[in-house]
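**Student:** Quick one, work_6.txt (compact mmCIF, C-alpha atoms (C1' of nucleotides) and all ligand atoms):
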```
# COMPACT_ATOMS: atom_id res chain seq x y z
CA MET A 1 19.42 41.42 -6.38
CA THR A 2 23.22 41.59 -6.58
CA MET A 3 25.19 42.06 -3.40
CA ASN A 4 26.40 45.40 -4.72
CA SER A 5 22.85 46.59 -5.22
CA VAL A 6 21.93 45.43 -1.76
CA LEU A 7 24.77 47.44 -0.26
CA GLU A 8 23.84 50.46 -2.31
CA ASN A 9 20.25 50.22 -1.09
CA ILE A 10 21.36 49.84 2.51
CA LYS A 11 23.61 52.87 2.18
CA GLN A 12 20.80 54.98 0.77
CA ALA A 13 18.42 53.67 3.44
CA GLU A 14 20.89 54.69 6.11
CA HIS A 15 21.06 58.15 4.59
CA ASN A 16 17.28 58.46 4.47
CA CYS A 17 16.95 57.40 8.08
CA LYS A 18 19.56 59.90 9.19
CA GLU A 19 17.62 62.64 7.43
CA HIS A 20 14.47 61.61 9.31
CA GLY A 21 16.30 61.57 12.62
CA VAL A 22 15.91 57.83 13.15
CA ARG A 23 18.48 55.07 13.35
CA LEU A 24 19.01 52.19 10.96
CA THR A 25 20.49 49.83 13.53
CA SER A 26 22.38 46.68 12.66
CA LYS A 27 19.34 44.47 13.32
CA ARG A 28 17.24 46.68 11.11
CA LYS A 29 19.91 46.51 8.42
CA GLN A 30 19.96 42.75 8.78
CA VAL A 31 16.23 42.47 8.19
CA LEU A 32 16.17 44.94 5.31
CA SER A 33 19.17 43.25 3.76
CA GLY A 34 17.43 39.90 4.07
CA LEU A 35 14.42 41.21 2.20
CA LEU A 36 16.55 42.86 -0.48
CA GLN A 37 18.50 39.66 -1.07
CA ALA A 38 15.40 37.48 -1.15
CA ASP A 39 14.12 39.48 -4.10
CA LYS A 40 10.59 38.44 -3.29
CA ALA A 41 7.97 38.78 -0.59
CA LEU A 42 8.66 36.94 2.67
CA SER A 43 6.57 36.35 5.75
CA ALA A 44 7.83 37.62 9.08
CA TYR A 45 8.64 34.08 10.13
CA GLU A 46 10.42 33.31 6.88
CA LEU A 47 12.52 36.35 7.65
CA VAL A 48 13.27 34.94 11.09
CA ASP A 49 14.60 31.81 9.40
CA GLN A 50 16.57 33.82 6.87
CA CYS A 51 18.24 35.86 9.62
CA LYS A 52 19.09 32.64 11.42
CA ASP A 53 20.65 31.22 8.27
CA GLU A 54 22.65 34.37 7.58
CA SER A 55 23.98 35.07 11.03
CA GLY A 56 23.64 31.86 13.01
CA LYS A 57 21.81 33.75 15.74
CA THR A 58 18.05 33.55 16.15
CA MET A 59 16.16 36.79 15.85
CA PRO A 60 12.96 36.77 17.92
CA ALA A 61 9.81 36.98 15.80
CA MET A 62 8.70 39.85 18.00
CA SER A 63 11.77 41.83 16.94
CA VAL A 64 11.23 41.07 13.28
CA TYR A 65 7.67 42.39 13.50
CA ARG A 66 8.82 45.53 15.26
CA ILE A 67 11.58 46.08 12.76
CA LEU A 68 9.24 45.52 9.83
CA ASP A 69 6.90 48.14 11.32
CA PHE A 70 9.79 50.55 11.58
CA LEU A 71 10.98 49.88 8.04
CA ALA A 72 7.45 50.25 6.70
CA GLU A 73 7.10 53.64 8.39
CA GLU A 74 10.29 54.69 6.65
CA HIS A 75 8.90 53.39 3.32
CA LEU A 76 11.81 50.98 3.10
CA VAL A 77 9.55 47.93 3.03
CA HIS A 78 5.87 47.42 2.25
CA LYS A 79 3.42 45.03 3.80
CA LEU A 80 1.31 43.11 1.32
CA ASP A 81 -2.11 42.39 2.76
CA SER A 82 -2.89 39.95 -0.02
CA ASN A 83 -0.59 37.32 1.36
CA ASN A 84 0.56 38.66 4.73
CA LYS A 85 4.08 39.08 3.46
CA TYR A 86 6.63 41.86 3.35
CA VAL A 87 8.68 43.14 0.45
CA ALA A 88 11.54 45.60 0.16
CA CYS A 89 10.64 48.87 -1.52
CA SER A 90 11.83 48.99 -5.13
CA HIS A 91 12.41 52.72 -4.93
CA ILE A 92 14.91 53.10 -2.13
CA THR A 93 17.65 54.36 -4.40
CA CYS A 94 15.42 56.54 -6.52
CA SER A 95 13.31 59.45 -5.42
CA HIS A 96 9.82 58.15 -5.79
CA GLY A 97 7.14 59.35 -3.45
CA HIS A 98 4.57 56.91 -2.17
CA GLU A 99 1.23 58.61 -2.71
CA VAL A 100 -0.28 55.52 -4.28
CA THR A 101 1.65 52.29 -4.58
CA GLN A 102 0.68 49.47 -6.88
CA PHE A 103 1.98 45.94 -6.53
CA LEU A 104 1.84 43.04 -8.93
CA ILE A 105 2.21 39.90 -6.87
CA CYS A 106 2.89 36.47 -8.31
CA GLU A 107 0.76 34.04 -6.34
CA LYS A 108 3.09 31.16 -7.13
CA CYS A 109 6.62 32.44 -6.57
CA GLN A 110 5.96 35.60 -4.50
CA ARG A 111 7.83 37.74 -6.96
CA VAL A 112 6.62 41.33 -6.67
CA ASP A 113 6.80 44.32 -8.96
CA GLU A 114 6.11 47.75 -7.54
CA ILE A 115 4.92 49.78 -10.48
CA ASN A 116 3.92 53.34 -11.14
CA ILE A 117 0.40 54.51 -11.59
CA ASP A 118 -0.61 57.13 -14.05
CA PRO A 119 -1.47 60.30 -12.11
CA SER A 120 -4.76 60.63 -13.97
CA MET A 121 -5.68 57.16 -12.77
CA ILE A 122 -4.87 58.10 -9.22
CA GLU A 123 -7.06 61.14 -9.58
CA GLN A 124 -9.92 59.06 -10.86
CA LEU A 125 -9.57 56.54 -8.07
CA GLN A 126 -9.53 59.32 -5.51
CA SER A 127 -12.60 60.93 -7.01
CA ASN A 128 -14.46 57.60 -6.99
CA VAL A 129 -13.68 57.25 -3.33
CA LYS A 130 -14.80 60.77 -2.58
CA ASP A 131 -18.01 60.36 -4.57
CA ALA A 132 -18.85 57.33 -2.46
CA GLY A 133 -18.45 59.43 0.69
CA TYR A 134 -15.16 57.95 1.88
CA HIS A 135 -11.77 59.40 2.72
CA LEU A 136 -8.76 57.50 1.45
CA ILE A 137 -6.18 56.96 4.17
CA SER A 138 -3.77 54.39 2.80
CA PRO A 139 -3.83 53.88 -0.91
CA GLN A 140 -2.14 50.66 -1.91
CA LEU A 141 -3.32 48.57 -4.80
CA GLU A 142 -2.42 44.90 -4.78
CA MET A 143 -3.09 42.77 -7.80
CA LYS A 144 -2.95 39.00 -7.53
CA CYS A 145 -1.16 37.79 -10.62
CA LEU A 146 1.07 35.16 -12.12
CA CYS A 147 4.43 36.28 -13.39
CA GLU A 148 5.38 35.32 -16.93
CA THR A 149 7.55 32.42 -15.77
CA CYS A 150 4.93 30.91 -13.47
CA PHE A 151 2.21 31.54 -16.05
CA THR A 152 4.01 29.50 -18.68
CA THR A 153 5.34 26.92 -16.24
CA PHE A 154 2.19 26.07 -14.32
CA PRO A 155 -1.14 24.94 -15.72
CA HIS A 156 -3.89 27.52 -15.25
CA PRO A 157 -7.65 27.81 -15.75
CA ASN A 158 -9.46 30.20 -18.21
CA MET B 1 -30.04 46.17 6.19
CA THR B 2 -33.74 45.68 6.85
CA MET B 3 -35.07 42.23 7.57
CA ASN B 4 -37.09 42.43 4.38
CA SER B 5 -34.00 43.15 2.34
CA VAL B 6 -32.17 40.31 4.01
CA LEU B 7 -34.95 37.90 3.09
CA GLU B 8 -35.04 39.22 -0.45
CA ASN B 9 -31.29 38.69 -0.77
CA ILE B 10 -31.51 35.18 0.64
CA LYS B 11 -34.29 34.35 -1.77
CA GLN B 12 -32.27 35.56 -4.73
CA ALA B 13 -29.18 33.76 -3.44
CA GLU B 14 -31.19 30.57 -3.25
CA HIS B 15 -32.30 31.06 -6.82
CA ASN B 16 -28.75 31.69 -8.01
CA CYS B 17 -27.48 28.59 -6.27
CA LYS B 18 -30.20 26.45 -7.79
CA GLU B 19 -29.18 27.72 -11.22
CA HIS B 20 -25.60 26.70 -10.52
CA GLY B 21 -26.65 23.26 -9.33
CA VAL B 22 -25.46 23.83 -5.76
CA ARG B 23 -27.39 23.93 -2.50
CA LEU B 24 -27.89 26.89 -0.21
CA THR B 25 -28.35 24.85 2.95
CA SER B 26 -29.78 26.21 6.18
CA LYS B 27 -26.32 26.65 7.71
CA ARG B 28 -25.17 28.51 4.63
CA LYS B 29 -28.28 30.67 4.80
CA GLN B 30 -27.58 31.33 8.45
CA VAL B 31 -24.05 32.57 7.74
CA LEU B 32 -25.06 34.65 4.74
CA SER B 33 -27.96 36.09 6.67
CA GLY B 34 -25.61 36.96 9.52
CA LEU B 35 -23.36 38.89 7.18
CA LEU B 36 -26.26 40.64 5.50
CA GLN B 37 -27.69 41.72 8.83
CA ALA B 38 -24.35 42.89 10.17
CA ASP B 39 -24.11 45.37 7.33
CA LYS B 40 -20.35 45.46 7.69
CA ALA B 41 -17.32 43.22 7.37
CA LEU B 42 -16.97 40.48 9.99
CA SER B 43 -14.19 38.03 10.76
CA ALA B 44 -14.92 34.32 10.61
CA TYR B 45 -14.85 34.15 14.39
CA GLU B 46 -17.11 37.16 14.76
CA LEU B 47 -19.54 35.26 12.56
CA VAL B 48 -19.24 32.25 14.85
CA ASP B 49 -20.31 34.50 17.72
CA GLN B 50 -23.08 36.06 15.71
CA CYS B 51 -24.49 32.65 14.79
CA LYS B 52 -24.35 31.62 18.42
CA ASP B 53 -26.25 34.75 19.42
CA GLU B 54 -28.90 34.26 16.74
CA SER B 55 -29.57 30.58 17.16
CA GLY B 56 -28.23 29.60 20.55
CA LYS B 57 -26.25 26.78 18.96
CA THR B 58 -22.53 27.05 18.37
CA MET B 59 -21.37 26.77 14.79
CA PRO B 60 -17.85 25.34 14.55
CA ALA B 61 -15.30 27.80 13.17
CA MET B 62 -14.29 25.15 10.68
CA SER B 63 -17.82 25.12 9.28
CA VAL B 64 -17.93 28.90 9.06
CA TYR B 65 -14.71 28.91 7.05
CA ARG B 66 -16.00 26.23 4.74
CA ILE B 67 -19.29 28.00 4.29
CA LEU B 68 -17.55 31.31 3.61
CA ASP B 69 -15.47 29.61 0.95
CA PHE B 70 -18.61 28.25 -0.63
CA LEU B 71 -20.39 31.60 -0.52
CA ALA B 72 -17.35 33.34 -1.97
CA GLU B 73 -17.26 30.91 -4.89
CA GLU B 74 -20.87 31.76 -5.54
CA HIS B 75 -20.03 35.48 -5.38
CA LEU B 76 -22.43 35.87 -2.48
CA VAL B 77 -19.72 37.10 -0.12
CA HIS B 78 -16.27 38.57 -0.64
CA LYS B 79 -13.14 38.12 1.41
CA LEU B 80 -11.30 41.32 2.20
CA ASP B 81 -7.56 40.70 2.43
CA SER B 82 -6.99 44.12 3.95
CA ASN B 83 -8.42 43.09 7.27
CA ASN B 84 -9.05 39.35 6.95
CA LYS B 85 -12.77 39.90 7.10
CA TYR B 86 -15.75 38.88 5.03
CA VAL B 87 -18.57 40.97 3.64
CA ALA B 88 -21.84 40.13 1.90
CA CYS B 89 -21.90 41.02 -1.77
CA SER B 90 -23.84 44.22 -2.44
CA HIS B 91 -25.02 42.95 -5.77
CA ILE B 92 -26.89 39.79 -4.94
CA THR B 93 -30.24 41.17 -6.02
CA CYS B 94 -28.94 42.96 -9.09
CA SER B 95 -27.24 41.47 -12.08
CA HIS B 96 -23.71 42.75 -11.72
CA GLY B 97 -20.84 40.64 -12.92
CA HIS B 98 -17.64 40.46 -10.91
CA GLU B 99 -14.87 41.07 -13.38
CA VAL B 100 -13.18 43.63 -11.15
CA THR B 101 -14.52 44.47 -7.74
CA GLN B 102 -13.57 47.57 -5.80
CA PHE B 103 -14.13 47.95 -2.09
CA LEU B 104 -14.00 51.01 0.10
CA ILE B 105 -13.36 49.83 3.62
CA CYS B 106 -13.71 51.98 6.71
CA GLU B 107 -10.79 51.12 8.98
CA LYS B 108 -12.71 52.21 12.06
CA CYS B 109 -16.19 50.75 11.75
CA GLN B 110 -15.67 48.09 9.04
CA ARG B 111 -18.38 49.55 6.91
CA VAL B 112 -17.80 48.53 3.30
CA ASP B 113 -19.01 49.87 -0.03
CA GLU B 114 -18.65 47.74 -3.11
CA ILE B 115 -18.49 50.20 -5.96
CA ASN B 116 -18.28 50.06 -9.71
CA ILE B 117 -15.19 50.76 -11.71
CA ASP B 118 -15.22 52.54 -14.98
CA PRO B 119 -14.50 49.99 -17.72
CA SER B 120 -11.81 52.22 -19.18
CA MET B 121 -10.06 52.17 -15.83
CA ILE B 122 -10.21 48.39 -15.74
CA GLU B 123 -8.72 48.31 -19.19
CA GLN B 124 -5.90 50.60 -18.14
CA LEU B 125 -5.16 48.55 -15.03
CA GLN B 126 -5.11 45.37 -17.09
CA SER B 127 -2.78 46.91 -19.63
CA ASN B 128 -0.42 48.11 -16.88
CA VAL B 129 -0.29 44.58 -15.54
CA LYS B 130 0.35 43.14 -18.96
CA ASP B 131 3.07 45.70 -19.73
CA ALA B 132 4.85 44.66 -16.56
CA GLY B 133 4.82 41.07 -17.74
CA TYR B 134 2.19 39.73 -15.37
CA HIS B 135 -1.13 37.96 -15.81
CA LEU B 136 -3.97 39.13 -13.63
CA ILE B 137 -5.75 36.25 -11.95
CA SER B 138 -7.97 37.79 -9.33
CA PRO B 139 -8.65 41.48 -9.67
CA GLN B 140 -9.97 42.97 -6.48
CA LEU B 141 -9.14 46.49 -5.40
CA GLU B 142 -9.35 47.29 -1.71
CA MET B 143 -8.98 50.84 -0.51
CA LYS B 144 -8.40 51.54 3.16
CA CYS B 145 -10.57 54.51 4.03
CA LEU B 146 -12.57 56.24 6.68
CA CYS B 147 -16.28 56.61 6.10
CA GLU B 148 -17.76 60.06 6.44
CA THR B 149 -19.08 59.37 9.94
CA CYS B 150 -15.81 58.03 11.29
CA PHE B 151 -13.86 60.77 9.52
CA THR B 152 -15.82 63.49 11.27
CA THR B 153 -16.10 61.63 14.57
CA PHE B 154 -12.52 60.57 15.11
CA PRO B 155 -9.45 62.76 15.12
CA HIS B 156 -7.19 62.12 12.14
CA PRO B 157 -3.76 63.18 10.87
CA ASN B 158 -3.03 65.17 7.63
C1' DA C 1 34.26 57.92 32.96
C1' DA C 2 29.81 57.50 35.45
C1' DT C 3 24.78 58.84 35.38
C1' DT C 4 20.72 59.07 33.27
C1' DG C 5 16.94 58.95 30.02
C1' DA C 6 15.30 57.39 25.68
C1' DT C 7 15.19 53.95 22.20
C1' DA C 8 15.79 49.27 20.82
C1' DT C 9 15.76 44.46 21.63
C1' DG C 10 14.76 40.05 24.16
C1' DA C 11 11.71 36.79 26.41
C1' DT C 12 7.37 34.98 27.20
C1' DA C 13 2.69 34.46 26.86
C1' DT C 14 -1.31 34.77 24.36
C1' DA C 15 -4.62 36.26 20.74
C1' DT C 16 -6.22 35.80 16.08
C1' DT C 17 -6.67 33.68 11.73
C1' DG C 18 -6.66 29.63 9.08
C1' DT C 19 -5.90 24.52 7.59
C1' DA C 20 -5.56 19.28 7.86
C1' DT C 21 -7.83 15.24 8.85
C1' DC C 22 -10.98 11.95 10.13
C1' DA C 23 -15.69 10.93 11.90
C1' DT C 24 -20.58 11.61 11.50
C1' DT C 25 -24.83 13.27 9.55
C1' DA C 26 -28.17 14.71 6.21
C1' DG C 27 -29.98 14.65 1.30
C1' DA C 28 -30.70 12.90 -3.14
C1' DA C 29 -31.11 8.97 -6.19
C1' DG C 30 -32.26 4.49 -7.23
C1' DC D 1 -34.91 1.19 2.64
C1' DT D 2 -30.29 1.30 0.75
C1' DT D 3 -26.52 3.55 -1.10
C1' DC D 4 -23.80 7.16 -2.54
C1' DT D 5 -22.38 11.90 -2.16
C1' DA D 6 -22.19 16.27 -0.14
C1' DA D 7 -22.22 18.75 4.08
C1' DT D 8 -21.16 19.31 8.76
C1' DG D 9 -18.89 18.21 13.28
C1' DA D 10 -14.89 17.42 16.20
C1' DT D 11 -10.22 17.76 17.11
C1' DA D 12 -5.73 19.00 16.48
C1' DC D 13 -2.57 22.08 14.90
C1' DA D 14 -0.17 25.69 11.90
C1' DA D 15 0.65 30.41 10.75
C1' DT D 16 0.27 35.16 11.70
C1' DA D 17 0.28 38.79 14.99
C1' DT D 18 0.07 41.47 19.45
C1' DA D 19 0.58 42.52 24.58
C1' DT D 20 3.59 43.08 28.22
C1' DC D 21 7.39 43.30 31.03
C1' DA D 22 12.43 42.81 31.37
C1' DT D 23 16.99 43.92 29.65
C1' DA D 24 20.38 46.02 26.73
C1' DT D 25 22.23 49.68 23.98
C1' DC D 26 23.09 54.36 22.74
C1' DA D 27 23.81 59.19 23.37
C1' DA D 28 23.70 63.21 25.97
C1' DT D 29 24.94 65.37 30.31
C1' DT D 30 27.48 65.82 34.35
ZN ZN E 201 8.05 51.57 -2.35
ZN ZN E 202 5.98 33.68 -10.38
ZN ZN E 203 -20.04 41.52 -5.09
ZN ZN E 204 -16.61 54.19 9.59
```
Go ahead and express the file in the form of structure tokens.
Ligand SMILES: [Zn+2]
Ligand SMILES: [Zn+2]
Ligand SMILES: [Zn+2]
Ligand SMILES: [Zn+2]

**Tutor:**
Amino acid sequence: MTMNSVLENIKQAEHNCKEHGVRLTSKRKQVLSGLLQADKALSAYELVDQCKDESGKTMPAMSVYRILDFLAEEHLVHKLDSNNKYVACSHITCSHGHEVTQFLICEKCQRVDEINIDPSMIEQLQSNVKDAGYHLISPQLEMKCLCETCFTTFPHPN
Amino acid sequence: MTMNSVLENIKQAEHNCKEHGVRLTSKRKQVLSGLLQADKALSAYELVDQCKDESGKTMPAMSVYRILDFLAEEHLVHKLDSNNKYVACSHITCSHGHEVTQFLICEKCQRVDEINIDPSMIEQLQSNVKDAGYHLISPQLEMKCLCETCFTTFPHPN
DNA sequence: AATTGATATGATATATTGTATCATTAGAAG
DNA sequence: CTTCTAATGATACAATATATCATATCAATT
């Protein structure tokens, strides 16, 4: 992501936080900015390294985890359970809600696309869940994939 | 799951393994049986404890991980990325394939239901992935839920 | 400006999950 | 029985995550 885009995202994130009555502190900006620049999913500890590289100062892992929790609550980043990594939300500067999020995750290069789901599909998923006697609490679909580049670059089975 | 059902599942699992030219050893049976009896998702280390309780002998964590890998390859257990736990396949004694598996996971009690997806839904998911320029390599949908019991028992937001 | 209370961050220890590697054992095949 | 392979054990360690208490920062009030 270009530096301009990063700044634009940060600015919008700051605005969103203000509206929610919470603060996007400089550390939180630093972490979010790191994720935006990386343009892929990073682990908490990779983010520690990235912050070190950017600023020279070490950010405690504990702080990174806390900040990632905060950013996730604000829907500014998402945690990917598939690989225990974190990715910046693709929809910070647009007005998407987050009823159901779907991620396509490249297993090789950690590139992630956050795509939209057809509302009828969401409905069907919800109704499947309900029919099975469950109550959906955190709908997030993660699909383990290869991106086009990795698919053509690396050998693969099938 | 009743002891009879457990034995029936083990028997079928043994048959399946024989067909694939691999061995369902006694340790592997012990782990699979532990998961079947638990009737919910367990972590690898919870399984270590369970094996200890059942047999008196300690099974090394390393072995449990290896055995879980084996069982997963045979589609006898599934790994849930959502909570880093493992669950016995619900379809050992029936003839389901595993093109796309969908799990409803209770966040409170770790109860899991492995349900079927409508083929048209699978198709649509696949086409979404393709449209985004990705290649699906391991389709497994995990939905974080509350089961009916936990939903009515515990307080919840919304 | 100083006081105070709430929020954020740092420091440290520890828990949990998972892998690498080499040694040993058990099974199948000849 | 021997020999080869697959399975398991033992040990060390890496990677991910949380618990807890101390300190710093910020903003409101005096
Ligand atoms: Zn998002
Ligand atoms: Zn890729
Ligand atoms: Zn299954
Ligand atoms: Zn439950």

**Student:** Could you please select, counting only C-alpha atoms, the residues of chain B within 8 Å of chain A and state them as a PyMOL selection string?

**Tutor:** chain B and resi 81-83+104+106+113+115+121+129+132-148+151

**Student:** Would you write out chain B as a compact mmCIF listing (two decimals) with C-alpha atoms, keeping the file's coordinate frame, after superposing it on chain A by least squares over all in-order Cα pairs?

**Tutor:**
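Heads up, here's the output in part08.txt:
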```
# COMPACT_ATOMS: atom_id res chain seq x y z
CA MET B 1 19.41 41.39 -6.38
CA THR B 2 23.19 41.55 -6.56
CA MET B 3 25.20 42.01 -3.40
CA ASN B 4 26.39 45.34 -4.74
CA SER B 5 22.85 46.54 -5.22
CA VAL B 6 21.93 45.38 -1.76
CA LEU B 7 24.79 47.38 -0.27
CA GLU B 8 23.86 50.40 -2.34
CA ASN B 9 20.28 50.19 -1.10
CA ILE B 10 21.38 49.81 2.50
CA LYS B 11 23.64 52.81 2.16
CA GLN B 12 20.84 54.94 0.78
CA ALA B 13 18.46 53.65 3.44
CA GLU B 14 20.95 54.66 6.08
CA HIS B 15 21.14 58.11 4.58
CA ASN B 16 17.36 58.45 4.47
CA CYS B 17 17.04 57.39 8.08
CA LYS B 18 19.66 59.88 9.19
CA GLU B 19 17.70 62.62 7.43
CA HIS B 20 14.59 61.59 9.33
CA GLY B 21 16.43 61.56 12.64
CA VAL B 22 15.99 57.81 13.15
CA ARG B 23 18.56 55.03 13.38
CA LEU B 24 19.07 52.17 10.97
CA THR B 25 20.55 49.79 13.52
CA SER B 26 22.42 46.62 12.65
CA LYS B 27 19.37 44.44 13.31
CA ARG B 28 17.27 46.67 11.10
CA LYS B 29 19.94 46.49 8.42
CA GLN B 30 19.98 42.73 8.76
CA VAL B 31 16.23 42.45 8.18
CA LEU B 32 16.19 44.93 5.31
CA SER B 33 19.17 43.23 3.75
CA GLY B 34 17.41 39.88 4.07
CA LEU B 35 14.41 41.20 2.19
CA LEU B 36 16.53 42.84 -0.47
CA GLN B 37 18.47 39.65 -1.05
CA ALA B 38 15.37 37.48 -1.15
CA ASP B 39 14.10 39.48 -4.09
CA LYS B 40 10.55 38.45 -3.29
CA ALA B 41 7.94 38.81 -0.59
CA LEU B 42 8.64 36.99 2.68
CA SER B 43 6.54 36.41 5.78
CA ALA B 44 7.81 37.66 9.12
CA TYR B 45 8.62 34.11 10.14
CA GLU B 46 10.38 33.36 6.88
CA LEU B 47 12.53 36.38 7.67
CA VAL B 48 13.25 34.95 11.11
CA ASP B 49 14.56 31.82 9.39
CA GLN B 50 16.51 33.80 6.86
CA CYS B 51 18.22 35.82 9.59
CA LYS B 52 19.06 32.63 11.42
CA ASP B 53 20.60 31.19 8.26
CA GLU B 54 22.63 34.33 7.55
CA SER B 55 23.97 35.02 11.00
CA GLY B 56 23.60 31.82 12.98
CA LYS B 57 21.80 33.73 15.73
CA THR B 58 18.05 33.56 16.14
CA MET B 59 16.18 36.82 15.85
CA PRO B 60 12.98 36.81 17.91
CA ALA B 61 9.82 37.02 15.81
CA MET B 62 8.72 39.90 17.98
CA SER B 63 11.81 41.86 16.94
CA VAL B 64 11.25 41.09 13.28
CA TYR B 65 7.70 42.43 13.51
CA ARG B 66 8.86 45.55 15.26
CA ILE B 67 11.63 46.09 12.77
CA LEU B 68 9.26 45.56 9.84
CA ASP B 69 6.95 48.16 11.31
CA PHE B 70 9.83 50.57 11.57
CA LEU B 71 11.02 49.90 8.03
CA ALA B 72 7.49 50.28 6.70
CA GLU B 73 7.15 53.67 8.38
CA GLU B 74 10.33 54.70 6.65
CA HIS B 75 8.95 53.42 3.33
CA LEU B 76 11.84 50.99 3.09
CA VAL B 77 9.57 47.95 3.04
CA HIS B 78 5.89 47.45 2.26
CA LYS B 79 3.42 45.07 3.82
CA LEU B 80 1.31 43.15 1.35
CA ASP B 81 -2.13 42.44 2.79
CA SER B 82 -2.90 40.00 0.00
CA ASN B 83 -0.62 37.37 1.42
CA ASN B 84 0.53 38.77 4.77
CA LYS B 85 4.05 39.14 3.48
CA TYR B 86 6.61 41.90 3.35
CA VAL B 87 8.67 43.16 0.45
CA ALA B 88 11.56 45.61 0.15
CA CYS B 89 10.65 48.86 -1.53
CA SER B 90 11.84 49.00 -5.14
CA HIS B 91 12.43 52.70 -4.93
CA ILE B 92 14.93 53.07 -2.14
CA THR B 93 17.68 54.33 -4.41
CA CYS B 94 15.45 56.54 -6.52
CA SER B 95 13.40 59.46 -5.42
CA HIS B 96 9.88 58.16 -5.79
CA GLY B 97 7.19 59.35 -3.44
CA HIS B 98 4.60 56.93 -2.13
CA GLU B 99 1.29 58.62 -2.68
CA VAL B 100 -0.26 55.54 -4.25
CA THR B 101 1.66 52.32 -4.57
CA GLN B 102 0.67 49.49 -6.87
CA PHE B 103 1.98 45.97 -6.52
CA LEU B 104 1.84 43.06 -8.91
CA ILE B 105 2.21 39.92 -6.86
CA CYS B 106 2.89 36.49 -8.29
CA GLU B 107 0.73 34.05 -6.33
CA LYS B 108 3.09 31.18 -7.09
CA CYS B 109 6.60 32.47 -6.52
CA GLN B 110 5.93 35.65 -4.49
CA ARG B 111 7.82 37.76 -6.93
CA VAL B 112 6.62 41.35 -6.65
CA ASP B 113 6.81 44.37 -8.93
CA GLU B 114 6.13 47.79 -7.52
CA ILE B 115 4.93 49.82 -10.46
CA ASN B 116 3.91 53.37 -11.13
CA ILE B 117 0.38 54.54 -11.58
CA ASP B 118 -0.61 57.18 -14.01
CA PRO B 119 -1.50 60.32 -12.05
CA SER B 120 -4.78 60.64 -13.92
CA MET B 121 -5.70 57.17 -12.75
CA ILE B 122 -4.92 58.11 -9.17
CA GLU B 123 -7.11 61.14 -9.54
CA GLN B 124 -9.96 59.04 -10.88
CA LEU B 125 -9.64 56.50 -8.08
CA GLN B 126 -9.63 59.29 -5.50
CA SER B 127 -12.69 60.88 -7.04
CA ASN B 128 -14.53 57.54 -7.06
CA VAL B 129 -13.78 57.18 -3.37
CA LYS B 130 -14.93 60.69 -2.63
CA ASP B 131 -18.13 60.26 -4.66
CA ALA B 132 -18.96 57.22 -2.58
CA GLY B 133 -18.61 59.29 0.57
CA TYR B 134 -15.33 57.86 1.81
CA HIS B 135 -11.95 59.33 2.68
CA LEU B 136 -8.92 57.45 1.45
CA ILE B 137 -6.37 56.93 4.18
CA SER B 138 -3.90 54.43 2.83
CA PRO B 139 -3.93 53.90 -0.90
CA GLN B 140 -2.19 50.72 -1.88
CA LEU B 141 -3.32 48.62 -4.81
CA GLU B 142 -2.42 44.94 -4.79
CA MET B 143 -3.09 42.80 -7.81
CA LYS B 144 -2.94 39.04 -7.53
CA CYS B 145 -1.14 37.81 -10.62
CA LEU B 146 1.09 35.19 -12.10
CA CYS B 147 4.46 36.30 -13.38
CA GLU B 148 5.39 35.33 -16.90
CA THR B 149 7.56 32.42 -15.74
CA CYS B 150 4.94 30.92 -13.46
CA PHE B 151 2.22 31.53 -16.04
CA THR B 152 4.05 29.50 -18.66
CA THR B 153 5.36 26.91 -16.21
CA PHE B 154 2.22 26.05 -14.31
CA PRO B 155 -1.09 24.92 -15.73
CA HIS B 156 -3.82 27.52 -15.31
CA PRO B 157 -7.57 27.84 -15.87
CA ASN B 158 -9.33 30.26 -18.33
```

**Student:** Skipping near chain neighbours, those fewer than 4 positions away, what residues fall within 12 Å of C:DC22 using all atoms listed in the file, listed as a list of chain:residue names?

**Tutor:**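 Everything that qualifies: D:DG9, D:DA10, D:DT11, D:DA12.
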
**Student:** Please identify every polymer residue within 6 Å of ligand ZN 203 (chain E), using all atoms listed in the file, and present the set as a list in words.

**Tutor:** Cys89, Ser90 and His91 of chain B

**Student:** Just the number, please: distance in Å from atom CA of B:Thr101 to atom CA of B:Ile122, one decimal.

**Tutor:**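 Spanning atom CA of B:Thr101 to atom CA of B:Ile122 is a straight-line distance of 9.9 Å.
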
**Student:** Quick one: which residues from chain C are at most 10 Å off chain B, using all atoms listed in the file, as a PyMOL selection string?

**Tutor:** chain C and resi 16-19

**Student:** Write down, as an NGL selection string, each residue of chain D that has any atom within 12 Å of an atom of chain A, counting all atoms listed in the file.

**Tutor:** :D and (15-20 or 25-26)

**Student:** If we count all atoms listed in the file and set the cut-off at 12 Å, which residues sit around D:DA22, ignoring sequence neighbours fewer than 3 positions away in its own chain? Please answer as a ChimeraX atom specification.

**Tutor:** /C:9-12

**Student:** What is the distance between atom CA of A:Ala41 and atom CA of A:Arg111, in Å to one decimal?

**Tutor:**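 Computing the Euclidean distance for atom CA of A:Ala41 and atom CA of A:Arg111 yields 6.5 Å.
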
**Student:** Quick check, in Å to one decimal: how far apart do atom CA of A:Asp69 and atom CA of B:Thr153 lie?

**Tutor:**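 Separation of atom CA of A:Asp69 and atom CA of B:Thr153: 26.9 Å.
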